[in-house]
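Listing of coords_20.txt; format and content: compact mmCIF, C-alpha atoms and all ligand atoms.
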```txt
# COMPACT_ATOMS: atom_id res chain seq x y z
CA MET T 1 -68.40 155.33 133.81
CA ASN T 2 -69.52 152.59 136.17
CA GLY T 3 -71.10 149.21 135.50
CA LEU T 4 -72.30 147.84 132.14
CA LYS T 5 -74.95 145.25 132.90
CA GLY T 6 -77.42 143.10 130.96
CA SER T 7 -77.81 141.08 127.74
CA ILE T 8 -77.72 142.22 124.14
CA LYS T 9 -78.36 140.57 120.80
CA VAL T 10 -75.76 142.19 118.55
CA PRO T 11 -76.71 142.74 114.89
CA GLY T 12 -76.11 140.16 112.16
CA ASP T 13 -72.67 139.24 110.88
CA LYS T 14 -71.54 141.53 108.07
CA SER T 15 -69.49 138.93 106.17
CA ILE T 16 -72.30 136.37 106.32
CA SER T 17 -75.02 138.90 105.38
CA HIS T 18 -73.10 139.95 102.23
CA ARG T 19 -72.63 136.35 101.17
CA ALA T 20 -76.26 135.40 101.87
CA VAL T 21 -77.47 138.12 99.48
CA MET T 22 -74.89 137.43 96.78
CA PHE T 23 -75.32 133.66 96.89
CA GLY T 24 -79.11 134.00 96.97
CA ALA T 25 -78.85 136.26 93.92
CA ILE T 26 -76.96 133.63 91.90
CA ALA T 27 -78.98 130.65 93.19
CA ASN T 28 -81.97 129.05 91.54
CA GLY T 29 -85.20 129.61 93.45
CA THR T 30 -85.97 131.39 96.71
CA THR T 31 -83.54 132.33 99.46
CA GLU T 32 -84.80 133.59 102.83
CA ILE T 33 -82.42 135.39 105.14
CA THR T 34 -83.16 136.04 108.82
CA GLY T 35 -80.97 138.21 111.03
CA PHE T 36 -79.64 140.12 107.99
CA LEU T 37 -77.43 143.08 108.97
CA GLN T 38 -79.17 146.29 107.91
CA GLY T 39 -75.83 148.13 107.81
CA GLU T 40 -74.73 150.43 105.00
CA ASP T 41 -72.22 147.94 103.55
CA CYS T 42 -74.72 145.10 103.23
CA LEU T 43 -77.33 147.49 101.83
CA SER T 44 -74.77 148.38 99.14
CA THR T 45 -74.62 144.69 98.21
CA VAL T 46 -78.44 144.56 98.04
CA ALA T 47 -78.52 147.67 95.80
CA CYS T 48 -75.88 146.23 93.43
CA MET T 49 -77.68 142.90 93.11
CA LYS T 50 -80.99 144.73 92.41
CA GLU T 51 -79.18 146.74 89.71
CA LEU T 52 -78.18 143.39 88.19
CA GLY T 53 -81.87 142.50 87.90
CA VAL T 54 -82.27 140.32 90.99
CA PHE T 55 -85.61 140.46 92.80
CA ILE T 56 -85.05 141.22 96.53
CA ARG T 57 -87.74 142.21 99.02
CA GLU T 58 -88.11 142.60 102.76
CA GLU T 59 -90.87 140.58 104.40
CA GLY T 60 -91.02 141.62 108.04
CA GLU T 61 -87.78 140.42 109.60
CA LYS T 62 -86.85 138.41 106.52
CA MET T 63 -84.94 139.34 103.37
CA VAL T 64 -86.31 137.31 100.47
CA ILE T 65 -84.46 136.81 97.19
CA GLU T 66 -85.93 135.25 94.05
CA SER T 67 -83.55 134.36 91.25
CA ASN T 68 -83.27 132.21 88.16
CA GLY T 69 -79.63 131.52 88.91
CA ILE T 70 -76.48 133.30 87.81
CA ASP T 71 -77.51 133.32 84.13
CA GLY T 72 -80.57 135.37 85.09
CA LEU T 73 -78.36 138.35 86.03
CA LYS T 74 -78.63 141.24 83.55
CA GLU T 75 -76.12 143.76 82.25
CA PRO T 76 -76.55 146.78 84.57
CA ARG T 77 -77.68 150.08 83.04
CA ARG T 78 -76.00 152.13 85.72
CA VAL T 79 -72.69 151.90 87.51
CA LEU T 80 -72.65 149.54 90.48
CA ASP T 81 -71.92 151.63 93.58
CA VAL T 82 -70.35 149.62 96.42
CA GLY T 83 -70.18 152.61 98.79
CA ASN T 84 -67.57 151.89 101.49
CA SER T 85 -67.69 148.11 101.10
CA GLY T 86 -64.54 146.16 100.21
CA THR T 87 -66.40 142.85 100.55
CA THR T 88 -69.03 143.96 98.02
CA ILE T 89 -66.56 145.05 95.35
CA ARG T 90 -64.16 142.13 95.72
CA LEU T 91 -66.75 139.32 95.86
CA LEU T 92 -68.96 140.89 93.21
CA SER T 93 -65.94 141.19 90.87
CA GLY T 94 -65.60 137.41 91.10
CA ILE T 95 -69.26 136.91 90.14
CA LEU T 96 -69.09 139.46 87.30
CA ALA T 97 -65.88 137.88 85.96
CA SER T 98 -67.88 134.88 84.80
CA LEU T 99 -70.72 136.85 83.15
CA PRO T 100 -70.59 137.83 79.46
CA PHE T 101 -71.53 141.50 79.90
CA SER T 102 -70.01 144.80 80.93
CA SER T 103 -70.22 146.41 84.35
CA VAL T 104 -68.56 149.35 86.03
CA LEU T 105 -67.89 149.26 89.78
CA VAL T 106 -67.29 152.40 91.83
CA GLY T 107 -67.18 153.26 95.53
CA ASP T 108 -66.44 156.08 97.95
CA ASP T 109 -63.11 157.86 98.57
CA SER T 110 -61.90 155.10 100.90
CA ILE T 111 -62.66 152.36 98.33
CA ALA T 112 -60.80 154.41 95.70
CA LYS T 113 -57.61 154.05 97.77
CA ARG T 114 -57.93 150.33 98.52
CA PRO T 115 -55.94 147.77 96.50
CA MET T 116 -58.00 145.92 93.90
CA ALA T 117 -55.10 144.22 92.06
CA ARG T 118 -55.30 141.43 94.66
CA VAL T 119 -58.56 140.35 92.95
CA THR T 120 -58.28 141.84 89.45
CA GLY T 121 -54.87 140.11 89.01
CA PRO T 122 -56.10 136.53 89.54
CA LEU T 123 -59.41 137.21 87.75
CA LYS T 124 -57.45 138.43 84.71
CA MET T 125 -55.37 135.23 84.92
CA MET T 126 -58.69 133.38 84.61
CA ASN T 127 -59.40 135.27 81.37
CA ALA T 128 -61.76 138.04 82.52
CA PHE T 129 -61.31 141.42 80.84
CA ILE T 130 -60.82 143.95 83.63
CA ASP T 131 -59.58 147.49 83.50
CA GLY T 132 -59.51 150.33 85.98
CA ARG T 133 -57.39 153.15 87.27
CA GLU T 134 -53.66 152.37 87.15
CA ASN T 135 -54.17 149.29 85.00
CA GLY T 136 -56.96 147.76 87.07
CA GLN T 137 -55.38 148.36 90.46
CA PHE T 138 -57.96 150.89 91.70
CA THR T 139 -61.61 151.85 91.17
CA PRO T 140 -63.48 152.58 89.00
CA LEU T 141 -63.27 149.02 87.67
CA PHE T 142 -64.62 147.92 84.31
CA ILE T 143 -65.36 144.20 83.96
CA ARG T 144 -66.42 142.17 80.93
CA GLY T 145 -66.45 138.52 81.90
CA GLY T 146 -67.20 135.11 80.46
CA ASN T 147 -65.20 132.15 79.09
CA LEU T 148 -63.16 131.72 82.21
CA LYS T 149 -60.42 129.17 82.63
CA ARG T 150 -59.55 127.48 85.88
CA VAL T 151 -56.66 128.60 88.04
CA HIS T 152 -54.62 127.42 91.01
CA TYR T 153 -53.98 130.74 92.71
CA ILE T 154 -51.38 130.92 95.47
CA SER T 155 -52.36 134.09 97.28
CA PRO T 156 -49.64 136.19 98.91
CA VAL T 157 -52.18 137.44 101.48
CA ALA T 158 -54.55 135.57 103.79
CA SER T 159 -57.72 137.28 102.57
CA ALA T 160 -61.24 135.87 102.55
CA GLN T 161 -62.23 138.52 100.03
CA VAL T 162 -59.57 137.35 97.57
CA LYS T 163 -60.30 133.65 98.20
CA SER T 164 -64.07 134.15 97.84
CA SER T 165 -63.76 136.24 94.68
CA ILE T 166 -61.70 133.55 92.94
CA LEU T 167 -63.95 130.71 94.14
CA LEU T 168 -67.05 132.54 92.85
CA ALA T 169 -65.33 133.05 89.49
CA GLY T 170 -64.28 129.39 89.62
CA LEU T 171 -67.95 128.37 89.64
CA GLY T 172 -68.10 129.76 86.09
CA ALA T 173 -64.81 128.19 84.88
CA LYS T 174 -64.27 124.73 83.43
CA GLY T 175 -62.47 122.30 85.76
CA LYS T 176 -61.19 122.75 89.30
CA THR T 177 -60.24 126.16 90.67
CA LYS T 178 -58.02 126.12 93.75
CA VAL T 179 -56.93 128.88 96.13
CA THR T 180 -54.01 128.44 98.53
CA GLU T 181 -53.39 130.95 101.33
CA PRO T 182 -50.44 131.59 103.66
CA TYR T 183 -52.83 131.22 106.64
CA ARG T 184 -56.51 130.30 106.66
CA SER T 185 -58.82 133.28 106.34
CA ARG T 186 -62.49 133.29 107.43
CA ASP T 187 -64.35 130.42 105.78
CA HIS T 188 -67.95 131.67 105.53
CA THR T 189 -67.90 131.29 101.74
CA GLU T 190 -66.90 127.63 101.94
CA ARG T 191 -69.55 126.89 104.58
CA MET T 192 -72.36 128.82 102.92
CA LEU T 193 -71.71 127.49 99.41
CA GLN T 194 -72.27 124.03 100.88
CA SER T 195 -75.60 125.21 102.34
CA PHE T 196 -76.53 126.30 98.81
CA GLY T 197 -75.77 122.77 97.55
CA VAL T 198 -72.27 123.34 96.13
CA LYS T 199 -69.46 120.85 96.73
CA VAL T 200 -66.32 122.51 98.08
CA THR T 201 -63.14 120.67 99.10
CA VAL T 202 -61.19 122.18 102.00
CA ASP T 203 -57.60 121.13 102.80
CA GLU T 204 -55.40 122.70 105.43
CA ASP T 205 -54.44 125.83 103.50
CA SER T 206 -56.38 125.39 100.23
CA VAL T 207 -59.94 125.37 98.94
CA THR T 208 -61.01 123.74 95.67
CA ILE T 209 -64.23 124.13 93.72
CA GLU T 210 -65.40 122.41 90.54
CA GLY T 211 -66.82 124.77 87.91
CA GLY T 212 -70.33 124.46 86.51
CA GLN T 213 -72.13 123.79 89.82
CA GLN T 214 -75.48 125.54 90.31
CA LEU T 215 -76.52 127.04 93.64
CA GLN T 216 -79.99 126.17 94.98
CA GLY T 217 -81.91 128.76 97.04
CA THR T 218 -82.06 128.03 100.76
CA LYS T 219 -82.77 129.53 104.21
CA VAL T 220 -79.95 131.39 105.96
CA GLN T 221 -80.01 132.39 109.63
CA VAL T 222 -77.29 135.00 110.19
CA PRO T 223 -75.38 134.78 113.51
CA GLY T 224 -74.58 137.90 115.55
CA ASP T 225 -71.37 139.57 114.36
CA ILE T 226 -68.38 138.72 116.59
CA SER T 227 -66.61 141.77 115.14
CA SER T 228 -69.39 144.01 116.50
CA ALA T 229 -69.58 142.02 119.74
CA ALA T 230 -65.83 142.66 120.17
CA PHE T 231 -66.46 146.32 121.04
CA LEU T 232 -68.91 145.36 123.78
CA LEU T 233 -66.57 142.62 125.05
CA VAL T 234 -63.78 145.17 125.39
CA ALA T 235 -66.17 147.59 127.11
CA GLY T 236 -67.33 144.82 129.47
CA ALA T 237 -63.73 143.89 130.36
CA LEU T 238 -62.62 147.50 130.93
CA VAL T 239 -65.53 149.33 132.59
CA ASN T 240 -65.65 148.81 136.38
CA ASN T 241 -68.41 146.61 137.85
CA SER T 242 -69.56 145.21 134.49
CA ALA T 243 -71.13 141.85 133.66
CA ILE T 244 -72.67 141.48 130.22
CA SER T 245 -73.91 138.71 127.93
CA LEU T 246 -74.05 138.82 124.14
CA ILE T 247 -76.54 136.35 122.69
CA ASP T 248 -76.18 134.13 119.59
CA VAL T 249 -72.84 135.52 118.44
CA GLY T 250 -71.02 133.68 115.65
CA ILE T 251 -68.09 131.65 117.02
CA ASN T 252 -66.75 130.23 113.77
CA PRO T 253 -63.13 129.28 114.65
CA THR T 254 -61.79 131.38 111.75
CA ARG T 255 -63.20 134.46 113.54
CA THR T 256 -62.58 133.81 117.24
CA GLY T 257 -59.06 135.23 117.59
CA ILE T 258 -60.54 137.98 119.79
CA LEU T 259 -61.81 135.39 122.28
CA ASP T 260 -58.38 133.71 122.40
CA VAL T 261 -56.73 137.09 123.00
CA LEU T 262 -59.17 138.10 125.73
CA LYS T 263 -58.60 134.78 127.53
CA GLU T 264 -54.80 135.01 127.19
CA MET T 265 -54.89 138.55 128.56
CA GLY T 266 -56.77 137.23 131.59
CA ALA T 267 -60.35 138.27 130.85
CA GLU T 268 -63.22 136.61 132.69
CA LEU T 269 -64.95 135.30 129.60
CA THR T 270 -67.21 132.28 129.15
CA ILE T 271 -69.22 130.87 126.25
CA THR T 272 -72.62 129.30 126.96
CA ASN T 273 -75.62 128.03 125.00
CA GLU T 274 -73.60 126.85 121.99
CA LYS T 275 -75.59 125.74 118.93
CA ASN T 276 -75.53 126.02 115.15
CA PHE T 277 -77.19 128.41 112.72
CA GLY T 278 -76.94 126.27 109.58
CA LYS T 279 -73.24 125.49 109.19
CA GLU T 280 -72.14 128.36 111.47
CA PRO T 281 -71.62 127.82 115.23
CA VAL T 282 -73.03 130.44 117.64
CA GLY T 283 -72.96 130.95 121.40
CA THR T 284 -73.62 133.43 124.19
CA LEU T 285 -70.52 135.37 125.20
CA ASN T 286 -70.38 136.41 128.87
CA ILE T 287 -67.75 138.82 130.17
CA LYS T 288 -67.01 140.62 133.44
CA THR T 289 -64.67 143.44 134.41
CA SER T 290 -61.21 141.89 134.29
CA GLU T 291 -57.59 142.39 135.34
CA LEU T 292 -55.61 142.20 132.09
CA ARG T 293 -51.99 141.52 131.16
CA GLY T 294 -50.10 142.41 127.96
CA ILE T 295 -49.39 139.67 125.38
CA THR T 296 -47.84 139.23 121.91
CA ILE T 297 -50.26 138.75 119.02
CA GLY T 298 -49.00 137.63 115.59
CA GLY T 299 -48.87 134.90 112.92
CA GLU T 300 -51.86 132.66 112.12
CA ILE T 301 -54.14 134.41 114.61
CA ILE T 302 -54.00 137.72 112.70
CA PRO T 303 -56.58 136.84 109.98
CA ARG T 304 -58.78 135.46 112.79
CA LEU T 305 -58.96 138.88 114.47
CA ILE T 306 -57.93 141.41 111.83
CA ASP T 307 -61.08 143.55 112.24
CA GLU T 308 -60.82 143.49 116.04
CA ILE T 309 -57.32 144.99 116.30
CA PRO T 310 -58.53 148.59 116.82
CA ALA T 311 -60.60 147.39 119.82
CA ILE T 312 -57.68 145.23 121.05
CA ALA T 313 -55.43 148.32 120.94
CA VAL T 314 -57.80 150.10 123.37
CA LEU T 315 -57.87 146.99 125.57
CA ALA T 316 -54.06 146.85 125.64
CA THR T 317 -53.77 150.44 126.93
CA GLN T 318 -55.38 149.15 130.15
CA ALA T 319 -53.45 145.86 130.41
CA LYS T 320 -50.43 145.47 132.67
CA GLY T 321 -47.21 145.14 130.68
CA THR T 322 -46.39 145.18 126.98
CA THR T 323 -48.71 144.15 124.16
CA ILE T 324 -47.12 143.64 120.75
CA ILE T 325 -49.27 143.28 117.63
CA LYS T 326 -47.20 142.05 114.67
CA ASP T 327 -47.69 140.54 111.16
CA ALA T 328 -50.66 142.89 110.73
CA GLU T 329 -49.59 144.98 107.68
CA GLU T 330 -53.09 144.35 106.25
CA LEU T 331 -54.35 146.98 108.71
CA LYS T 332 -52.81 149.62 106.44
CA VAL T 333 -55.25 148.81 103.59
CA LYS T 334 -58.53 148.66 105.52
CA GLU T 335 -61.15 151.46 105.48
CA THR T 336 -58.35 153.67 106.86
CA ASN T 337 -54.74 152.90 107.69
CA ARG T 338 -55.79 151.44 111.04
CA ILE T 339 -52.26 151.40 112.46
CA ASP T 340 -51.91 155.16 111.98
CA THR T 341 -55.47 156.15 112.91
CA MET T 342 -55.38 154.15 116.15
CA VAL T 343 -51.80 154.88 117.23
CA ASN T 344 -52.00 158.64 116.60
CA GLN T 345 -55.29 159.08 118.40
CA LEU T 346 -54.54 156.80 121.36
CA LYS T 347 -51.24 158.67 121.82
CA GLU T 348 -53.15 161.97 121.95
CA LEU T 349 -55.34 160.48 124.68
CA GLY T 350 -52.27 159.62 126.76
CA ALA T 351 -51.59 155.98 125.84
CA ASN T 352 -48.03 154.67 125.68
CA ILE T 353 -48.23 153.33 122.10
CA GLU T 354 -45.92 153.22 119.06
CA ALA T 355 -46.55 152.17 115.48
CA THR T 356 -44.26 149.47 114.07
CA ASP T 357 -43.82 148.36 110.44
CA ASP T 358 -46.35 145.57 110.83
CA GLY T 359 -48.47 146.57 113.82
CA MET T 360 -48.04 148.38 117.12
CA LYS T 361 -46.51 148.18 120.59
CA ILE T 362 -48.51 149.26 123.63
CA ILE T 363 -47.32 149.53 127.24
CA GLY T 364 -49.96 149.70 129.93
CA PRO T 365 -51.81 150.47 131.96
CA THR T 366 -52.12 154.19 131.28
CA PRO T 367 -55.15 156.31 132.18
CA LEU T 368 -56.77 157.90 129.11
CA ARG T 369 -57.25 161.69 129.15
CA GLY T 370 -60.77 162.76 128.24
CA GLY T 371 -62.06 166.18 127.28
CA GLN T 372 -60.69 165.79 123.75
CA LEU T 373 -62.00 165.61 120.20
CA VAL T 374 -61.18 162.51 118.15
CA ASP T 375 -62.33 161.32 114.71
CA SER T 376 -63.60 158.13 113.10
CA PHE T 377 -62.03 159.33 109.83
CA GLY T 378 -65.04 157.70 108.16
CA ASP T 379 -63.97 154.25 109.46
CA HIS T 380 -66.70 152.48 111.47
CA ARG T 381 -64.30 150.44 113.57
CA ILE T 382 -62.15 153.46 114.43
CA GLY T 383 -65.31 155.35 115.46
CA MET T 384 -66.39 152.55 117.83
CA SER T 385 -62.87 152.15 119.26
CA MET T 386 -62.75 155.86 120.06
CA ALA T 387 -66.16 155.64 121.72
CA LEU T 388 -64.71 152.86 123.93
CA CYS T 389 -61.99 155.29 125.02
CA GLY T 390 -64.76 157.68 126.11
CA LEU T 391 -66.14 154.99 128.44
CA ILE T 392 -62.87 154.64 130.36
CA ALA T 393 -61.34 158.13 130.19
CA ASP T 394 -61.44 160.56 133.12
CA LYS T 395 -63.71 162.98 131.17
CA PRO T 396 -66.03 162.54 128.15
CA ILE T 397 -64.48 162.23 124.69
CA THR T 398 -66.20 163.63 121.59
CA VAL T 399 -66.01 161.46 118.46
CA LYS T 400 -66.44 163.18 115.07
CA ASN T 401 -68.05 161.49 112.07
CA THR T 402 -69.84 158.78 114.03
CA GLU T 403 -72.31 158.25 111.17
CA SER T 404 -69.73 155.83 109.70
CA ILE T 405 -70.59 153.40 112.54
CA SER T 406 -73.80 152.53 110.66
CA ILE T 407 -71.60 150.71 108.11
CA SER T 408 -71.48 147.66 110.39
CA TYR T 409 -73.28 148.44 113.69
CA PRO T 410 -76.17 150.91 113.30
CA SER T 411 -77.46 150.26 116.85
CA PHE T 412 -74.05 150.58 118.57
CA PHE T 413 -74.90 153.58 120.76
CA SER T 414 -78.40 152.40 121.62
CA ASP T 415 -77.02 148.93 122.56
CA LEU T 416 -74.41 150.59 124.79
CA ASN T 417 -77.13 152.72 126.39
CA ASP T 418 -79.19 149.58 127.02
CA LEU T 419 -76.27 148.17 129.01
CA THR T 420 -75.93 151.23 131.26
C1 LIG T 501 -64.09 140.12 105.00
C2 LIG T 501 -62.77 139.75 105.04
C3 LIG T 501 -61.72 140.54 105.71
C4 LIG T 501 -62.31 141.56 106.69
C5 LIG T 501 -63.48 142.30 106.11
C6 LIG T 501 -64.58 141.34 105.68
C7 LIG T 501 -65.04 139.26 104.28
O1 LIG T 501 -60.98 141.22 104.74
O2 LIG T 501 -61.32 142.47 107.09
O3 LIG T 501 -64.01 143.20 107.06
O4 LIG T 501 -66.26 139.40 104.48
O5 LIG T 501 -64.59 138.42 103.49
P1 LIG T 501 -59.80 140.48 103.92
O6 LIG T 501 -60.38 139.28 103.35
O7 LIG T 501 -59.35 141.44 102.88
O8 LIG T 501 -58.74 140.21 104.93
```
Hey, can you dump this file as structure tokens for me?
Amino acid sequence: MNGLKGSIKVPGDKSISHRAVMFGAIANGTTEITGFLQGEDCLSTVACMKELGVFIREEGEKMVIESNGIDGLKEPRRVLDVGNSGTTIRLLSGILASLPFSSVLVGDDSIAKRPMARVTGPLKMMNAFIDGRENGQFTPLFIRGGNLKRVHYISPVASAQVKSSILLAGLGAKGKTKVTEPYRSRDHTERMLQSFGVKVTVDEDSVTIEGGQQLQGTKVQVPGDISSAAFLLVAGALVNNSAISLIDVGINPTRTGILDVLKEMGAELTITNEKNFGKEPVGTLNIKTSELRGITIGGEIIPRLIDEIPAIAVLATQAKGTTIIKDAEELKVKETNRIDTMVNQLKELGANIEATDDGMKIIGPTPLRGGQLVDSFGDHRIGMSMALCGLIADKPITVKNTESISISYPSFFSDLNDLT
């Protein structure tokens, strides 16, 4: 493959799109979302909120939500199906924990394996009644909420889903709810709640919210998803004779670990045209084919690039020297065990890569052997990472189960084609 060239507007940010719909659904009045990600996960959030009685319609490019506030939500007649979406189930559990009715949450086979105790535990501490498989650790979850009490939750994991779930429940509790994390996770909830008129106090490692505050409907402009852009950045850095620009991508500092890593590895990367979409910073990311070197990635940067590690693993196979990714155990509880799915498949393709207890070790550069069949295993980010391997291998690579890519980046292949 030779030469990716041109500019692309990557689709809307998944994390921000979920929150815009959920917050609009519990806000008083009208919320208008532009740049909403029409990916399967965010559509699962829309379907769940509709099932809870919220009025949501598409008006051209806009998603419009009309709500009478959180008390307007109604007990659902059917189970709430979150599909493949961890963000939907974990944030929605926080909302449902404060509502005095029963709901049942289910998802697909991947969701059924993912740990829910990290949210059901603290929500039970706040007084919500929650049950589920293995004592509320796994789906299906049953929630009957209401009468919540405040909590100061010291989370063992840096997780925006856990933090957001507790903060949303905290809105329905009396007094101040506080969440402390080992490292700061993405802060879209904190920023967007403020756009909806809620006061949130942010300290270095903690966020505090006072219960009883009402959200007011607003306009949300969703930035491009840096986690989707990451695949094109890696492609741009690795494919010979490339120079690409990605327009209006979110560059919130809690998400830009991938940019720090690319720069440290030696990539020719610049950011231009910086501005704000509401409280979220955006910019154009420009990258060219680059000579890369191996680095060590661990500690506070991990939550800032957790979703980009599969793409970084592909990048590291082509970098000179050793790349070590550590402190990344969370990869084991994503849509797949992303340490195993990446290491096993990259090894098959000829990479010098080993799994470790908390990440992986990659020695490069090694040419990747094409002519092979790989699998997304139903994980969108594994599917896109494997497609990247196809761009740099000596022969084409066939990726099975690519439909999963529509979870977060439905136009991935057409965007790649536009750059060739
Ligand atoms: C997300 C948070 C991250 C991330 C996920 C989306 C969010 O998960 O991996 O894709 O929107 O809050 P954790 O919060 O569990 O780390």
Selection: 7 Å around T:Lys62, only C-alpha atoms, excl. self and same-chain fewer than 4 positions, as a PDB file with C-alpha atoms, in the coordinates of the input:
```pdb
ATOM      1  CA  GLU T  32     -84.800 133.590 102.830  1.00  0.00           C
ATOM      2  CA  ILE T  33     -82.420 135.390 105.140  1.00  0.00           C
ATOM      3  CA  THR T  34     -83.160 136.040 108.820  1.00  0.00           C
ATOM      4  CA  GLU T  58     -88.110 142.600 102.760  1.00  0.00           C
TER       5      GLU T  58
END
```
Residues within 6 Å of ligand LIG 501 (chain T) should be enumerated using all atoms listed in the file and returned as an mmCIF file with C-alpha atoms, in the coordinates of the input.
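What follows is the written file part.cif:
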```cif
data_model
loop_
_atom_site.group_PDB
_atom_site.id
_atom_site.type_symbol
_atom_site.label_atom_id
_atom_site.label_comp_id
_atom_site.auth_asym_id
_atom_site.auth_seq_id
_atom_site.Cartn_x
_atom_site.Cartn_y
_atom_site.Cartn_z
ATOM 1 C CA SER T 15 -69.490 138.930 106.170
ATOM 2 C CA THR T 87 -66.400 142.850 100.550
ATOM 3 C CA SER T 159 -57.720 137.280 102.570
ATOM 4 C CA ALA T 160 -61.240 135.870 102.550
ATOM 5 C CA GLN T 161 -62.230 138.520 100.030
ATOM 6 C CA ILE T 306 -57.930 141.410 111.830
ATOM 7 C CA ASP T 307 -61.080 143.550 112.240
#
```
What is the atom CA of T:Arg78 to atom CA of T:Ser44 distance in Å?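 Separation of atom CA of T:Arg78 and atom CA of T:Ser44: 14.0 Å.
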Practice item. Return the single residue from T:Thr336, T:Ser404, T:Thr341, T:Ser67 that is closest to T:Thr218, with distances computed using all atoms listed in the file. Key: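 Nearest to T:Thr218: T:Ser67.
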As JSON, please report the centre and edge lengths, rounded to one decimal in Å, of the axis-aligned box that holds all listed atoms of stretch 383-388 of chain T with 8 Å of padding on each of the six sides.
```
{"center_x": -64.6, "center_y": 154.0, "center_z": 119.7, "size_x": 19.6, "size_y": 19.7, "size_z": 24.5}
```
Note to self: Using Å and a single decimal, report how far atom CA of T:Gln221 sits from atom CA of T:Phe277.
What the structure shows: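 Taking atom CA of T:Phe277 and atom CA of T:Gln221, their separation equals 5.8 Å.
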Item to check | Nearest to T:His152, chosen from T:Ile209, T:Ala237, T:Ala27, T:Val202, with all atoms listed in the file counted in the distances | outcome: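 Once distances to T:His152 are computed over all atoms listed in the file, the minimum belongs to T:Ile209.
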- Query: Which polymer residues have any atom within 10 Å of an atom of T:Gly390, counting all atoms listed in the file, with same-chain residues fewer than 3 positions away left out, as a ChimeraX atom specification?
  - Reply: /T:1,349,368-372,374,384-387,393-399
Selection near T:Ser98, 6 Å with all atoms listed in the file, sequence-local residues under 3 positions removed, as a list in words: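 Once the nearby chain positions are removed, what remains is Ile95, Gly145, Gly146, Ala169 and Gly172 of chain T.
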| query | Near T:Thr180, within 9 Å and counting all atoms listed in the file, which residues show up once chain neighbours fewer than 6 positions away are dropped, as a PyMOL selection string? | reply | chain T and resi 152-156+158+163+205-208
Where atoms are lacking, stretch 224-234 of chain T completed to N, CA, C and O atoms, as an mmCIF file, in the frame of the given file:
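Everything below was put into selection_24.cif:
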```cif
data_model
loop_
_atom_site.group_PDB
_atom_site.id
_atom_site.type_symbol
_atom_site.label_atom_id
_atom_site.label_comp_id
_atom_site.auth_asym_id
_atom_site.auth_seq_id
_atom_site.Cartn_x
_atom_site.Cartn_y
_atom_site.Cartn_z
ATOM 1 N N GLY T 224 -75.033 136.574 115.135
ATOM 2 C CA GLY T 224 -74.580 137.900 115.550
ATOM 3 C C GLY T 224 -73.114 138.068 115.156
ATOM 4 O O GLY T 224 -72.356 137.099 115.100
ATOM 5 N N ASP T 225 -72.721 139.312 114.886
ATOM 6 C CA ASP T 225 -71.370 139.570 114.360
ATOM 7 C C ASP T 225 -70.349 139.648 115.504
ATOM 8 O O ASP T 225 -70.392 140.570 116.324
ATOM 9 N N ILE T 226 -69.409 138.720 115.532
ATOM 10 C CA ILE T 226 -68.380 138.720 116.590
ATOM 11 C C ILE T 226 -67.518 139.985 116.498
ATOM 12 O O ILE T 226 -67.003 140.471 117.506
ATOM 13 N N SER T 227 -67.413 140.550 115.296
ATOM 14 C CA SER T 227 -66.610 141.770 115.140
ATOM 15 C C SER T 227 -67.312 142.973 115.778
ATOM 16 O O SER T 227 -66.658 143.906 116.247
ATOM 17 N N SER T 228 -68.637 142.969 115.791
ATOM 18 C CA SER T 228 -69.390 144.010 116.500
ATOM 19 C C SER T 228 -69.391 143.712 117.998
ATOM 20 O O SER T 228 -69.176 144.608 118.826
ATOM 21 N N ALA T 229 -69.591 142.432 118.326
ATOM 22 C CA ALA T 229 -69.580 142.020 119.740
ATOM 23 C C ALA T 229 -68.259 142.403 120.397
ATOM 24 O O ALA T 229 -68.226 142.736 121.594
ATOM 25 N N ALA T 230 -67.174 142.389 119.621
ATOM 26 C CA ALA T 230 -65.830 142.660 120.170
ATOM 27 C C ALA T 230 -65.792 143.999 120.912
ATOM 28 O O ALA T 230 -65.148 144.107 121.961
ATOM 29 N N PHE T 231 -66.491 145.003 120.382
ATOM 30 C CA PHE T 231 -66.460 146.320 121.040
ATOM 31 C C PHE T 231 -67.129 146.254 122.412
ATOM 32 O O PHE T 231 -66.670 146.871 123.370
ATOM 33 N N LEU T 232 -68.215 145.481 122.501
ATOM 34 C CA LEU T 232 -68.910 145.360 123.780
ATOM 35 C C LEU T 232 -68.117 144.467 124.740
ATOM 36 O O LEU T 232 -68.114 144.692 125.954
ATOM 37 N N LEU T 233 -67.412 143.465 124.198
ATOM 38 C CA LEU T 233 -66.570 142.620 125.050
ATOM 39 C C LEU T 233 -65.462 143.453 125.682
ATOM 40 O O LEU T 233 -65.174 143.324 126.876
ATOM 41 N N VAL T 234 -64.846 144.302 124.869
ATOM 42 C CA VAL T 234 -63.780 145.170 125.390
ATOM 43 C C VAL T 234 -64.363 146.122 126.438
ATOM 44 O O VAL T 234 -63.799 146.304 127.527
#
```
